[in-house]
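K.L.:
Structure incoming, see below.
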Amino acid sequence: MTRYDLDILASDQERSQAEERLWAAVESGRLTLAELSPRLDEVHASRTRADLETACRGLPAPGPRDSLVVDRAPASRSFLAGIFGGFQRKGAWVVPPRMTLWSMWGGGRLDLTEARFSHQDTEILAVALWGGTRIVVPEDIDVEVRGLGLFGFFDRRAARKTGTPGAPRLVIKGLALFGAVVTRTEK
């Protein structure tokens, strides 16, 4: 922001965003509850954008994936199937807490890189029978893979713990019978 932008009067929406930024800092361990109260008072008393920046001093600017778990209804069905065909789900959407992916003589792709999660813990059941499923996961979530490849392949290379406090947890389990379930991280 330029100096001119900082002199502009703050809107109620900007005050709300600053409040959310402070609460996120508490959740991530950057601020204590004792430090939160005086900063919230500063936000509520702010007249300009510069005042809001002062109240949020020392905190990182919000990034595009700061709110990975949202309080919104899932934006997708919990069952996706590719039978003699395929399915694809990508873009910005809200993931339900439980999903089933079924690929039978077909394939599918589930891309979670721009998605938000409706719950802290999400479980995906992936079944590939003579087919294949590719699951693309973002780098900033915990991923656990527990599938079984029987005459098939159930990829575990994307399994990891991010160590980020409050990161959503994704568990992928299922079966690949004469097929493949591949989980990858793409930048």
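Each chain of the structure tokens is named A, B, ... in the order shown, its residues numbered from 1; ligands are numbered from 1 in display order.
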List every residue of stretch 26-129 of chain A that DSSP, applied to the backbone of this structure, assigns to strand (DSSP E or B), and report them as number ranges by chain.
P.N.:
A: 48, 69, 79-83, 86-89, 94-95, 98-104, 107-111, 116-117, 121-129
K.L.:
Could you give me, as a PyMOL selection string, the residues within 7 Å of A:Phe117, counting only C-alpha atoms and dropping anything in the same chain fewer than 5 positions from it?
P.N.:
chain A and resi 68-70+94-96
K.L.:
Give me the residues near stretch 141-152 of chain A as a ChimeraX atom specification, where near means some atom within 12 Å (using only C-alpha atoms) and where sequence neighbours in that chain fewer than 4 positions away do not count.
P.N.:
/A:65-69,112-117,120-133,135-137,156-185
K.L.:
Counting only C-alpha atoms, figure out which residue out of A:Ala10, A:Asp155, A:Leu101, A:Pro60 gets nearest to A:Leu31.
P.N.:
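Among the listed residues, A:Pro60 lies closest to A:Leu31.
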K.L.:
What gap, in Å, lies between atom CA of A:His119 and atom CA of A:Pro138?
P.N.:
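Separation of atom CA of A:His119 and atom CA of A:Pro138: 16.0 Å.
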K.L.:
Excluding A:Phe87 and any residue of its chain fewer than 5 positions from it, enumerate the residues within 10 Å of it, using only C-alpha atoms, and give them as a PDB file with C-alpha atoms, in the first residue's frame.
P.N.:
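Result file selection.pdb:
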ATOM      1  CA  LEU A  80     -17.853 -39.154  -7.777  1.00  0.00           C
ATOM      2  CA  ALA A  81     -17.738 -42.030 -10.266  1.00  0.00           C
ATOM      3  CA  GLY A  82     -15.949 -42.760 -13.513  1.00  0.00           C
ATOM      4  CA  LEU A 101     -14.240 -41.794  -5.550  1.00  0.00           C
ATOM      5  CA  TRP A 102     -15.081 -44.786  -7.754  1.00  0.00           C
ATOM      6  CA  SER A 103     -13.155 -45.575 -10.962  1.00  0.00           C
ATOM      7  CA  GLY A 106     -12.418 -45.453 -16.363  1.00  0.00           C
ATOM      8  CA  GLY A 107     -10.622 -42.739 -14.499  1.00  0.00           C
ATOM      9  CA  GLY A 108     -10.928 -39.633 -12.472  1.00  0.00           C
ATOM     10  CA  ARG A 109      -9.057 -36.628 -11.188  1.00  0.00           C
ATOM     11  CA  LEU A 110      -9.728 -34.826  -7.918  1.00  0.00           C
ATOM     12  CA  THR A 133      -7.809 -42.114  -9.892  1.00  0.00           C
TER      13      THR A 133
END
K.L.:
Which residues, written as a PyMOL selection string, have at least one atom at most 10 Å from A:Trp23, with only C-alpha atoms counted and residues fewer than 5 positions away on the same chain left out?
P.N.:
chain A and resi 17-18+28-33+36+40
K.L.:
Pick the closest to A:Gly58 from A:Met99, A:Ala45, A:Ile8, A:Leu22: which is it, counting only C-alpha atoms?
P.N.:
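When distances to A:Gly58 are compared using only C-alpha atoms, the smallest one comes from A:Leu22.
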K.L.:
If you run DSSP on the backbone, which residues of chain A are alpha helix (DSSP H), as number ranges by chain?
P.N.:
A: 3-6, 12-27, 33-45, 49-55
K.L.:
Of the candidates A:Ser46, A:Ser78, A:Ser37, A:Ser11, which shows the shortest atom-to-atom distance to A:Pro97, using only C-alpha atoms?
P.N.:
A:Ser78
K.L.:
Taking only C-alpha atoms into account, name the residue in A:Leu59, A:Pro38, A:Glu53, A:Trp105 that is nearest to A:Ile83.
P.N.:
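Nearest to A:Ile83: A:Trp105.
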